[in-house]
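Undergrad: What follows is a structure written as structure tokens; I'll ask about it next.
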2 protein chains.
Amino acid sequence: LKQIRQVLDQLDLLEAIEDGFIAYSKGMAVVPPIGELLFDQPPGDVHIKYGYITGEEYYVIKVASGFYENPKHGISSSSGLMLMFSQKTGQLISILLDEGYLTNIRTAVAGAVAARYLAPRSVDCIGIIGAGIQGRQQLEYLGKVVDCRDVMVWGINERELTAYKQDMEALGFQVSTTQEVDKITDRCRLIVTATPSQNPLLRADQIKKGTHITAVGSDTPLKNELDPRILQKADIVVVDSIEQSKSRGEVHQARLSGVLNESNLVELGQVPGNKKWERSHEDQISVADLTGVVVQDIQIAKAVFKALQKMA
Amino acid sequence: LKQIRQVLDQLDLLEAIEDGFIAYSKGMAVVPPIGELLFDQPPGDVHIKYGYITGEEYYVIKVASGFYENPKHGISSSSGLMLMFSQKTGQLISILLDEGYLTNIRTAVAGAVAARYLAPRSVDCIGIIGAGIQGRQQLEYLGKVVDCRDVMVWGINERELTAYKQDMEALGFQVSTTQEVDKITDRCRLIVTATPSQNPLLRADQIKKGTHITAVGSDTPLKNELDPRILQKADIVVVDSIEQSKSRGEVHQARLSGVLNESNLVELGQVPGNKKWERSHEDQISVADLTGVVVQDIQIAKAVFKALQKMA
């Protein structure tokens, strides 16, 4: 893990992940349904994402879990690893013991890719809903695509918020904290939701014109951070995978509620190079609903593996 | 892999795997749909099986692949590994780098469990269709449940058959070889099919009264070793998983052909302790169709991990 963290700084992950989304949306990737294991006591979810880009050297299997009571015992909520195998022989090429770290990073990078094309030009304050690991990493990678360094973070308890403020100010952000979602929706035109909530945290009437929301927390059929009417109200709704959005995430929830206008649903991999899918007006409301696609894992695993090989 | 091979001899895998099937058939296991990746050039298939027995300590993810042109390049056709994680925290507990070996073994053990309950009492000759790795290991584990040491093996080419004969005679079997399936069906009342064939190798009219067939080769929706009418003709049809048999294996093929009598379909885990599901008459024809269930992987992984811990 230490080695993996070291090489990450050298890598242009935004390009790599964006290329992955483009390959996926062009139909160049084989992406079977996500494997999922759910646990009740204590609550946890495990996702197994696997697939390959046709004609490449490797196929990838990625395991990432969230056990949200772990922090009570001083353990990270995320665990997991990435496995690379040969497409030609099936032989194991590499095990990246990332403990879920690369999954967190590639999720954060996807948020930055979405913001690159969908955030309004001028953002005075970045709003982060959820003061956990992903709330930290989303902000870190947003810092690479937006100039704004003012941040407001929403969380459930004071202690968590104080820790978040401390950690992110060390990285050069100015952080204010709140336990009221209104404060975020009033002030922030770029909002990221990064919680495992199963009940909407944001209501449609709270969302101001000209706001972009990236929702990365919901990756299961039950998790739900946004009131479905937000997606109804939005001018642009982008997902990482239309296929996956049929069974998990915010778009899935909006579909269940019957409020989704499917005709304006676009994949993130279709956006780069297509001005018509980008934000075209500062008043538009846009939503990026990201459930995580194995092409992200393939791209980050390849990049890290290559860098580790060079080091060795 | 060397260490794994060493500890295997000490283990009573028949009990462990049988217990796994029983737990599965009692509904005590969480077994999601199998993850699958298929490759064309060169042909290969990867299966990801994952799940857990409720209330136990670990959950298991198992990767096993077959790339059937590997032997041309001097590489084993099987690859893979087994991963054990905590059901409480999601943390990685152990990686068993078995290169598909444990998958081959637990498949062979399942064949032995099936033979224990379904093979006719008196077997003069064991018939093995397929002279590859699985054809070897099936025979090795059958040796633990039947007294017969006479074997006839069918294969595609002489060289493969000669190697098989040599290897298995070293383990105390008397092996004759053939390239005609008839020779096997005429003489052997206990037959195992262990090929990746996509076209039936055995016809219904070839199967004599009092024959038990264990079909382990077909584990995908397309692979097919038995003429579906064999399953129609059989008095007893046992599967490892009724759920999985809906989409892969011989029972799946028989369903597609519309010749399956679903009412006599029984799970292997229901057989131990239930005389009515065992072979009750020497003239009966019985078929065990095994597509491989993650409970087998869970049981063998736990047993090997425990033994390795003791060694350390």
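To be explicit about the labels: the chains of the structure tokens are called A, B, and onward in the order shown, and within each one the residues are counted from 1, while ligands get numbers from 1 in the order they are shown.
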Counting only C-alpha atoms, which residues of chain B come no farther than 10 Å from chain A, as a JSON list (two decimals) with N, CA, C and O atoms, in the first residue's frame?
TA:
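Resulting contents of out.json:
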```
[["chain", "number", "residue", "atom", "x", "y", "z"],
["B", 30, "VAL", "N", -24.93, -18.03, 1.37],
["B", 30, "VAL", "CA", -25.25, -16.95, 0.43],
["B", 30, "VAL", "C", -24.38, -17.15, -0.81],
["B", 30, "VAL", "O", -23.15, -17.08, -0.73],
["B", 31, "VAL", "N", -25.02, -17.45, -1.93],
["B", 31, "VAL", "CA", -24.31, -17.80, -3.16],
["B", 31, "VAL", "C", -24.90, -16.99, -4.32],
["B", 31, "VAL", "O", -25.88, -17.39, -4.93],
["B", 32, "PRO", "N", -24.31, -15.83, -4.60],
["B", 32, "PRO", "CA", -24.79, -15.00, -5.72],
["B", 32, "PRO", "C", -24.47, -15.66, -7.06],
["B", 32, "PRO", "O", -23.69, -16.62, -7.12],
["B", 33, "PRO", "N", -25.05, -15.13, -8.13],
["B", 33, "PRO", "CA", -24.74, -15.67, -9.46],
["B", 33, "PRO", "C", -23.24, -15.64, -9.74],
["B", 33, "PRO", "O", -22.54, -14.72, -9.30],
["B", 34, "ILE", "N", -22.76, -16.63, -10.46],
["B", 34, "ILE", "CA", -21.34, -16.74, -10.81],
["B", 34, "ILE", "C", -20.93, -15.60, -11.73],
["B", 34, "ILE", "O", -21.65, -15.26, -12.66],
["B", 35, "GLY", "N", -19.76, -15.02, -11.45],
["B", 35, "GLY", "CA", -19.19, -14.04, -12.38],
["B", 35, "GLY", "C", -18.44, -14.78, -13.48],
["B", 35, "GLY", "O", -17.76, -15.76, -13.21],
["B", 36, "GLU", "N", -18.58, -14.31, -14.70],
["B", 36, "GLU", "CA", -17.97, -15.05, -15.82],
["B", 36, "GLU", "C", -17.37, -14.08, -16.82],
["B", 36, "GLU", "O", -17.97, -13.07, -17.15],
["B", 37, "LEU", "N", -16.17, -14.40, -17.28],
["B", 37, "LEU", "CA", -15.56, -13.67, -18.40],
["B", 37, "LEU", "C", -15.18, -14.70, -19.45],
["B", 37, "LEU", "O", -14.57, -15.72, -19.12],
["B", 38, "LEU", "N", -15.55, -14.44, -20.68],
["B", 38, "LEU", "CA", -15.22, -15.38, -21.76],
["B", 38, "LEU", "C", -14.30, -14.69, -22.76],
["B", 38, "LEU", "O", -14.47, -13.51, -23.06],
["B", 39, "PHE", "N", -13.33, -15.43, -23.25],
["B", 39, "PHE", "CA", -12.37, -14.90, -24.22],
["B", 39, "PHE", "C", -12.39, -15.78, -25.46],
["B", 39, "PHE", "O", -12.58, -16.99, -25.37],
["B", 40, "ASP", "N", -12.17, -15.13, -26.61],
["B", 40, "ASP", "CA", -12.22, -15.85, -27.89],
["B", 40, "ASP", "C", -10.85, -16.25, -28.40],
["B", 40, "ASP", "O", -10.66, -17.34, -28.92],
["B", 41, "GLN", "N", -9.92, -15.30, -28.31],
["B", 41, "GLN", "CA", -8.63, -15.44, -28.99],
["B", 41, "GLN", "C", -7.47, -15.24, -28.04],
["B", 41, "GLN", "O", -7.08, -14.09, -27.80],
["B", 42, "PRO", "N", -6.87, -16.26, -27.48],
["B", 42, "PRO", "CA", -7.28, -17.66, -27.57],
["B", 42, "PRO", "C", -8.49, -17.94, -26.66],
["B", 42, "PRO", "O", -8.74, -17.15, -25.76],
["B", 43, "PRO", "N", -9.18, -19.06, -26.88],
["B", 43, "PRO", "CA", -10.37, -19.34, -26.08],
["B", 43, "PRO", "C", -10.03, -19.57, -24.61],
["B", 43, "PRO", "O", -9.07, -20.27, -24.28],
["B", 44, "GLY", "N", -10.81, -18.94, -23.76],
["B", 44, "GLY", "CA", -10.61, -19.11, -22.32],
["B", 44, "GLY", "C", -11.86, -18.72, -21.58],
["B", 44, "GLY", "O", -12.68, -17.95, -22.11],
["B", 45, "ASP", "N", -12.05, -19.29, -20.40],
["B", 45, "ASP", "CA", -13.15, -18.82, -19.56],
["B", 45, "ASP", "C", -12.66, -18.65, -18.14],
["B", 45, "ASP", "O", -11.82, -19.38, -17.65],
["B", 46, "VAL", "N", -13.21, -17.62, -17.51],
["B", 46, "VAL", "CA", -12.86, -17.28, -16.13],
["B", 46, "VAL", "C", -14.14, -17.33, -15.32],
["B", 46, "VAL", "O", -15.15, -16.75, -15.74],
["B", 48, "ILE", "N", -15.71, -16.52, -11.49],
["B", 48, "ILE", "CA", -15.51, -15.91, -10.18],
["B", 48, "ILE", "C", -16.68, -16.39, -9.33],
["B", 48, "ILE", "O", -17.84, -16.10, -9.63],
["B", 49, "LYS", "N", -16.36, -17.17, -8.32],
["B", 49, "LYS", "CA", -17.41, -17.67, -7.43],
["B", 49, "LYS", "C", -17.16, -17.08, -6.06],
["B", 49, "LYS", "O", -16.02, -17.01, -5.60],
["B", 50, "TYR", "N", -18.22, -16.62, -5.41],
["B", 50, "TYR", "CA", -18.04, -15.90, -4.16],
["B", 50, "TYR", "C", -19.27, -16.08, -3.31],
["B", 50, "TYR", "O", -20.38, -16.31, -3.83],
["B", 51, "GLY", "N", -19.07, -16.02, -2.01],
["B", 51, "GLY", "CA", -20.19, -16.18, -1.11],
["B", 51, "GLY", "C", -19.71, -16.53, 0.27],
["B", 51, "GLY", "O", -18.52, -16.47, 0.56],
["B", 52, "TYR", "N", -20.65, -16.91, 1.11],
["B", 52, "TYR", "CA", -20.30, -17.23, 2.50],
["B", 52, "TYR", "C", -21.39, -18.09, 3.12],
["B", 52, "TYR", "O", -22.51, -18.14, 2.61],
["B", 54, "THR", "N", -23.61, -18.34, 6.32],
["B", 54, "THR", "CA", -24.07, -17.35, 7.29],
["B", 54, "THR", "C", -23.55, -17.65, 8.70],
["B", 54, "THR", "O", -23.59, -18.79, 9.15],
["B", 55, "GLY", "N", -23.05, -16.62, 9.35],
["B", 55, "GLY", "CA", -22.60, -16.76, 10.73],
["B", 55, "GLY", "C", -21.18, -17.25, 10.87],
["B", 55, "GLY", "O", -20.66, -17.30, 11.99],
["B", 59, "TYR", "N", -15.73, -14.76, 4.42],
["B", 59, "TYR", "CA", -16.35, -14.92, 3.10],
["B", 59, "TYR", "C", -15.23, -15.19, 2.11],
["B", 59, "TYR", "O", -14.07, -14.86, 2.37],
["B", 61, "ILE", "N", -13.82, -15.41, -2.05],
["B", 61, "ILE", "CA", -13.92, -15.13, -3.48],
["B", 61, "ILE", "C", -12.91, -16.03, -4.17],
["B", 61, "ILE", "O", -11.75, -16.07, -3.79],
["B", 63, "VAL", "N", -11.29, -17.32, -7.90],
["B", 63, "VAL", "CA", -11.13, -17.11, -9.33],
["B", 63, "VAL", "C", -10.50, -18.36, -9.92],
["B", 63, "VAL", "O", -9.48, -18.84, -9.42],
["B", 64, "ALA", "N", -11.11, -18.90, -10.95],
["B", 64, "ALA", "CA", -10.52, -20.06, -11.63],
["B", 64, "ALA", "C", -10.75, -19.91, -13.12],
["B", 64, "ALA", "O", -11.84, -19.56, -13.56],
["B", 65, "SER", "N", -9.69, -20.14, -13.88],
["B", 65, "SER", "CA", -9.84, -19.99, -15.33],
["B", 65, "SER", "C", -9.35, -21.24, -16.03],
["B", 65, "SER", "O", -8.53, -21.99, -15.52],
["B", 66, "GLY", "N", -9.89, -21.44, -17.23],
["B", 66, "GLY", "CA", -9.42, -22.49, -18.13],
["B", 66, "GLY", "C", -9.07, -21.86, -19.46],
["B", 66, "GLY", "O", -9.93, -21.26, -20.11],
["B", 67, "PHE", "N", -7.81, -21.92, -19.84],
["B", 67, "PHE", "CA", -7.37, -21.45, -21.16],
["B", 67, "PHE", "C", -6.80, -22.68, -21.83],
["B", 67, "PHE", "O", -5.67, -23.10, -21.54],
["B", 68, "TYR", "N", -7.61, -23.27, -22.71],
["B", 68, "TYR", "CA", -7.37, -24.66, -23.11],
["B", 68, "TYR", "C", -6.25, -24.82, -24.14],
["B", 68, "TYR", "O", -5.85, -25.93, -24.45],
["B", 69, "GLU", "N", -5.75, -23.71, -24.64],
["B", 69, "GLU", "CA", -4.59, -23.80, -25.55],
["B", 69, "GLU", "C", -3.26, -23.61, -24.81],
["B", 69, "GLU", "O", -2.19, -23.73, -25.42],
["B", 70, "ASN", "N", -3.33, -23.32, -23.51],
["B", 70, "ASN", "CA", -2.10, -23.14, -22.72],
["B", 70, "ASN", "C", -1.13, -24.32, -22.83],
["B", 70, "ASN", "O", 0.08, -24.10, -22.96],
["B", 71, "PRO", "N", -1.65, -25.58, -22.75],
["B", 71, "PRO", "CA", -0.70, -26.71, -22.78],
["B", 71, "PRO", "C", 0.19, -26.72, -24.02],
["B", 71, "PRO", "O", 1.34, -27.17, -23.96],
["B", 73, "HIS", "N", 1.70, -24.31, -25.10],
["B", 73, "HIS", "CA", 2.86, -23.49, -24.77],
["B", 73, "HIS", "C", 3.53, -23.96, -23.47],
["B", 73, "HIS", "O", 4.27, -23.20, -22.83],
["B", 75, "ILE", "N", 2.11, -24.53, -20.60],
["B", 75, "ILE", "CA", 1.54, -23.92, -19.39],
["B", 75, "ILE", "C", 0.25, -24.67, -19.04],
["B", 75, "ILE", "O", -0.48, -25.09, -19.93],
["B", 76, "SER", "N", -0.03, -24.80, -17.76],
["B", 76, "SER", "CA", -1.27, -25.46, -17.34],
["B", 76, "SER", "C", -2.47, -24.67, -17.85],
["B", 76, "SER", "O", -2.45, -23.43, -17.89],
["B", 77, "SER", "N", -3.53, -25.38, -18.22],
["B", 77, "SER", "CA", -4.73, -24.68, -18.69],
["B", 77, "SER", "C", -5.44, -23.96, -17.53],
["B", 77, "SER", "O", -6.12, -22.97, -17.74],
["B", 78, "SER", "N", -5.26, -24.44, -16.31],
["B", 78, "SER", "CA", -5.94, -23.79, -15.17],
["B", 78, "SER", "C", -5.07, -22.74, -14.49],
["B", 78, "SER", "O", -3.87, -22.92, -14.33],
["B", 79, "SER", "N", -5.71, -21.65, -14.10],
["B", 79, "SER", "CA", -5.08, -20.65, -13.26],
["B", 79, "SER", "C", -6.12, -20.19, -12.24],
["B", 79, "SER", "O", -7.30, -20.52, -12.35],
["B", 80, "GLY", "N", -5.66, -19.39, -11.28],
["B", 80, "GLY", "CA", -6.62, -18.83, -10.33],
["B", 80, "GLY", "C", -6.07, -18.69, -8.94],
["B", 80, "GLY", "O", -4.88, -18.97, -8.69],
["B", 81, "LEU", "N", -6.91, -18.23, -8.05],
["B", 81, "LEU", "CA", -6.54, -18.08, -6.65],
["B", 81, "LEU", "C", -7.81, -18.03, -5.81],
["B", 81, "LEU", "O", -8.92, -17.93, -6.33],
["B", 83, "LEU", "N", -9.44, -16.15, -2.25],
["B", 83, "LEU", "CA", -9.27, -15.04, -1.32],
["B", 83, "LEU", "C", -10.23, -15.23, -0.15],
["B", 83, "LEU", "O", -11.41, -15.53, -0.37],
["B", 85, "PHE", "N", -11.81, -13.32, 3.25],
["B", 85, "PHE", "CA", -11.98, -12.03, 3.91],
["B", 85, "PHE", "C", -12.84, -12.22, 5.17],
["B", 85, "PHE", "O", -13.61, -13.17, 5.26],
["B", 87, "GLN", "N", -15.96, -11.66, 7.48],
["B", 87, "GLN", "CA", -17.37, -11.27, 7.35],
["B", 87, "GLN", "C", -17.71, -10.09, 8.25],
["B", 87, "GLN", "O", -18.76, -9.46, 8.08],
["B", 88, "LYS", "N", -16.84, -9.80, 9.23],
["B", 88, "LYS", "CA", -17.14, -8.74, 10.20],
["B", 88, "LYS", "C", -16.58, -7.38, 9.78],
["B", 88, "LYS", "O", -17.15, -6.35, 10.09],
["B", 89, "THR", "N", -15.42, -7.38, 9.11],
["B", 89, "THR", "CA", -14.76, -6.10, 8.79],
["B", 89, "THR", "C", -14.44, -5.95, 7.30],
["B", 89, "THR", "O", -14.07, -4.87, 6.86],
["B", 90, "GLY", "N", -14.56, -7.03, 6.53],
["B", 90, "GLY", "CA", -14.20, -6.97, 5.12],
["B", 90, "GLY", "C", -12.72, -7.09, 4.88],
["B", 90, "GLY", "O", -12.28, -7.12, 3.73],
["B", 91, "GLN", "N", -11.93, -7.15, 5.94],
["B", 91, "GLN", "CA", -10.47, -7.19, 5.75],
["B", 91, "GLN", "C", -10.01, -8.52, 5.15],
["B", 91, "GLN", "O", -10.56, -9.58, 5.44],
["B", 92, "LEU", "N", -8.97, -8.41, 4.31],
["B", 92, "LEU", "CA", -8.38, -9.59, 3.69],
["B", 92, "LEU", "C", -7.71, -10.45, 4.75],
["B", 92, "LEU", "O", -6.92, -9.95, 5.56],
["B", 95, "ILE", "N", -4.66, -15.03, 1.06],
["B", 95, "ILE", "CA", -4.67, -15.28, -0.38],
["B", 95, "ILE", "C", -4.04, -16.65, -0.59],
["B", 95, "ILE", "O", -2.90, -16.88, -0.20],
["B", 97, "LEU", "N", -2.61, -18.81, -3.27],
["B", 97, "LEU", "CA", -2.16, -18.75, -4.67],
["B", 97, "LEU", "C", -2.10, -20.17, -5.22],
["B", 97, "LEU", "O", -1.03, -20.75, -5.38],
["B", 99, "GLU", "N", -3.26, -21.30, -8.15],
["B", 99, "GLU", "CA", -3.21, -21.43, -9.62],
["B", 99, "GLU", "C", -4.30, -22.36, -10.15],
["B", 99, "GLU", "O", -4.10, -23.12, -11.11],
["B", 100, "GLY", "N", -5.45, -22.36, -9.52],
["B", 100, "GLY", "CA", -6.57, -23.19, -9.96],
["B", 100, "GLY", "C", -6.54, -24.60, -9.40],
["B", 100, "GLY", "O", -7.49, -25.36, -9.57]]
```
Undergrad: From a DSSP calculation on the backbone, collect every residue of range 167-264 of chain A in helix (DSSP H, G or I) and output the set as a VMD selection string.
TA: chain A and resid 167 to 169 181 to 187 204 to 206 228 to 233 242 to 245 249 to 257 262 to 264
Undergrad: Please provide as number ranges by chain all residues within 10 Å of Ser122 in chain B, with the sequence filter that same-chain residues fewer than 3 positions apart are discarded (counting only C-alpha atoms).
TA: B: 119, 125, 146-148, 189-190, 210, 282
Undergrad: From a backbone DSSP assignment, name each residue in range 234-312 of chain A labelled strand (DSSP E or B), as a PDB file with N, CA and C atoms, in the first residue's frame.
TA:
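Full text of result_5.pdb as output:
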```pdb
ATOM      1  N   ILE A 236     -29.184  18.465 -17.067  1.00  0.00           N
ATOM      2  CA  ILE A 236     -28.247  17.467 -17.575  1.00  0.00           C
ATOM      3  C   ILE A 236     -28.106  16.368 -16.517  1.00  0.00           C
ATOM      4  N   VAL A 237     -28.300  15.113 -16.935  1.00  0.00           N
ATOM      5  CA  VAL A 237     -28.031  13.997 -16.023  1.00  0.00           C
ATOM      6  C   VAL A 237     -27.043  13.059 -16.698  1.00  0.00           C
ATOM      7  N   VAL A 238     -25.877  12.933 -16.085  1.00  0.00           N
ATOM      8  CA  VAL A 238     -24.818  12.091 -16.641  1.00  0.00           C
ATOM      9  C   VAL A 238     -24.599  10.914 -15.696  1.00  0.00           C
ATOM     10  N   VAL A 239     -24.417   9.727 -16.264  1.00  0.00           N
ATOM     11  CA  VAL A 239     -24.067   8.559 -15.449  1.00  0.00           C
ATOM     12  C   VAL A 239     -22.774   7.971 -15.997  1.00  0.00           C
ATOM     13  N   LEU A 265     -30.466  11.246 -20.583  1.00  0.00           N
ATOM     14  CA  LEU A 265     -29.444  10.473 -19.867  1.00  0.00           C
ATOM     15  C   LEU A 265     -28.241  10.236 -20.788  1.00  0.00           C
ATOM     16  N   VAL A 266     -27.056  10.614 -20.317  1.00  0.00           N
ATOM     17  CA  VAL A 266     -25.845  10.534 -21.127  1.00  0.00           C
ATOM     18  C   VAL A 266     -24.758   9.849 -20.314  1.00  0.00           C
ATOM     19  N   GLU A 267     -23.870   9.140 -20.978  1.00  0.00           N
ATOM     20  CA  GLU A 267     -22.751   8.546 -20.241  1.00  0.00           C
ATOM     21  C   GLU A 267     -21.561   9.506 -20.192  1.00  0.00           C
ATOM     22  N   SER A 286     -26.961  20.420 -13.182  1.00  0.00           N
ATOM     23  CA  SER A 286     -26.465  19.150 -13.722  1.00  0.00           C
ATOM     24  C   SER A 286     -26.197  18.168 -12.584  1.00  0.00           C
ATOM     25  N   VAL A 287     -26.383  16.883 -12.899  1.00  0.00           N
ATOM     26  CA  VAL A 287     -26.125  15.827 -11.925  1.00  0.00           C
ATOM     27  C   VAL A 287     -25.266  14.762 -12.592  1.00  0.00           C
ATOM     28  N   ALA A 288     -24.200  14.348 -11.917  1.00  0.00           N
ATOM     29  CA  ALA A 288     -23.427  13.188 -12.364  1.00  0.00           C
ATOM     30  C   ALA A 288     -23.626  12.095 -11.316  1.00  0.00           C
ATOM     31  N   ASP A 289     -24.201  10.990 -11.743  1.00  0.00           N
ATOM     32  CA  ASP A 289     -24.469   9.884 -10.820  1.00  0.00           C
ATOM     33  C   ASP A 289     -23.468   8.768 -11.120  1.00  0.00           C
TER      34      ASP A 289
END
```
Undergrad: Rounded to one decimal, what separation in Å do you get between CA of Ile207 in chain B and CA of Asn261 in chain B?
TA: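 Taking CA of Ile207 in chain B and CA of Asn261 in chain B, their separation equals 18.0 Å.
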Undergrad: For Gly217 in chain B, list every protein, DNA or RNA residue within 6 Å, evaluated using only C-alpha atoms, and leave out those in the same chain fewer than 6 positions away; present the list as a PyMOL selection string.
TA: chain B and resi 194-196
Undergrad: Quick one: residues within 10 Å of Thr178 in chain B, only C-alpha atoms counted, chain neighbours fewer than 2 positions away excluded, as a PDB file with N, CA and C atoms, in the first residue's frame?
TA:
```pdb
ATOM      1  N   ILE B 129     -13.855 -39.940 -19.249  1.00  0.00           N
ATOM      2  CA  ILE B 129     -13.911 -39.272 -20.554  1.00  0.00           C
ATOM      3  C   ILE B 129     -13.147 -37.963 -20.415  1.00  0.00           C
ATOM      4  N   MET B 152     -10.674 -47.270 -17.646  1.00  0.00           N
ATOM      5  CA  MET B 152     -10.517 -47.044 -19.082  1.00  0.00           C
ATOM      6  C   MET B 152     -10.687 -45.551 -19.324  1.00  0.00           C
ATOM      7  N   VAL B 153      -9.754 -44.992 -20.075  1.00  0.00           N
ATOM      8  CA  VAL B 153      -9.796 -43.547 -20.307  1.00  0.00           C
ATOM      9  C   VAL B 153      -9.968 -43.271 -21.796  1.00  0.00           C
ATOM     10  N   TRP B 154     -10.843 -42.285 -22.092  1.00  0.00           N
ATOM     11  CA  TRP B 154     -11.048 -41.841 -23.466  1.00  0.00           C
ATOM     12  C   TRP B 154     -10.402 -40.469 -23.647  1.00  0.00           C
ATOM     13  N   GLY B 155      -9.729 -40.311 -24.776  1.00  0.00           N
ATOM     14  CA  GLY B 155      -9.145 -39.000 -25.062  1.00  0.00           C
ATOM     15  C   GLY B 155      -9.045 -38.801 -26.557  1.00  0.00           C
ATOM     16  N   ILE B 156      -8.631 -37.592 -26.938  1.00  0.00           N
ATOM     17  CA  ILE B 156      -8.616 -37.251 -28.364  1.00  0.00           C
ATOM     18  C   ILE B 156      -7.353 -37.753 -29.050  1.00  0.00           C
ATOM     19  N   ASN B 157      -6.200 -37.685 -28.366  1.00  0.00           N
ATOM     20  CA  ASN B 157      -5.003 -38.150 -29.054  1.00  0.00           C
ATOM     21  C   ASN B 157      -4.161 -39.112 -28.224  1.00  0.00           C
ATOM     22  N   GLU B 158      -3.391 -39.911 -28.922  1.00  0.00           N
ATOM     23  CA  GLU B 158      -2.587 -40.987 -28.344  1.00  0.00           C
ATOM     24  C   GLU B 158      -1.622 -40.481 -27.272  1.00  0.00           C
ATOM     25  N   LEU B 161      -3.237 -39.694 -24.076  1.00  0.00           N
ATOM     26  CA  LEU B 161      -3.690 -40.928 -23.417  1.00  0.00           C
ATOM     27  C   LEU B 161      -2.517 -41.674 -22.780  1.00  0.00           C
ATOM     28  N   SER B 176      -6.414 -48.758 -19.198  1.00  0.00           N
ATOM     29  CA  SER B 176      -6.406 -48.986 -20.635  1.00  0.00           C
ATOM     30  C   SER B 176      -6.942 -47.723 -21.313  1.00  0.00           C
ATOM     31  N   GLU B 180     -12.538 -44.581 -28.600  1.00  0.00           N
ATOM     32  CA  GLU B 180     -13.954 -44.853 -28.907  1.00  0.00           C
ATOM     33  C   GLU B 180     -14.768 -44.847 -27.623  1.00  0.00           C
ATOM     34  N   VAL B 181     -15.746 -43.961 -27.591  1.00  0.00           N
ATOM     35  CA  VAL B 181     -16.580 -43.817 -26.397  1.00  0.00           C
ATOM     36  C   VAL B 181     -17.333 -45.117 -26.083  1.00  0.00           C
ATOM     37  N   ASP B 182     -17.745 -45.832 -27.129  1.00  0.00           N
ATOM     38  CA  ASP B 182     -18.466 -47.103 -26.952  1.00  0.00           C
ATOM     39  C   ASP B 182     -17.759 -48.061 -26.003  1.00  0.00           C
ATOM     40  N   LYS B 183     -16.458 -48.129 -26.142  1.00  0.00           N
ATOM     41  CA  LYS B 183     -15.658 -49.032 -25.305  1.00  0.00           C
ATOM     42  C   LYS B 183     -15.890 -48.724 -23.827  1.00  0.00           C
ATOM     43  N   ILE B 184     -15.986 -47.446 -23.521  1.00  0.00           N
ATOM     44  CA  ILE B 184     -16.201 -47.018 -22.137  1.00  0.00           C
ATOM     45  C   ILE B 184     -17.619 -47.359 -21.679  1.00  0.00           C
TER      46      ILE B 184
END
```
Undergrad: Work out how far apart CA of Leu226 in chain A and CA of Arg203 in chain A are and give it in Å to one decimal.
TA: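 Separation of CA of Leu226 in chain A and CA of Arg203 in chain A: 6.8 Å.
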Undergrad: Which residue is closest to Ile126 in chain A? Choose from A:Lys165, A:Arg106, A:Lys144, A:Arg187 and count only C-alpha atoms.
TA: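 Checking each candidate against Ile126 in chain A, we get A:Arg187 as the closest.
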Undergrad: Taking only C-alpha atoms into account, name the residue in A:Glu160, A:Asp124, A:Asp235, A:Asp283 that is nearest to Lys209 in chain A.
TA: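 So, comparing all the options, the nearest one is A:Asp283.
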Undergrad: What's the separation between CA of Asn199 in chain A and CA of Leu231 in chain A, in Å to one decimal place?
TA: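 Calculated distance between CA of Asn199 in chain A and CA of Leu231 in chain A is 15.2 Å.
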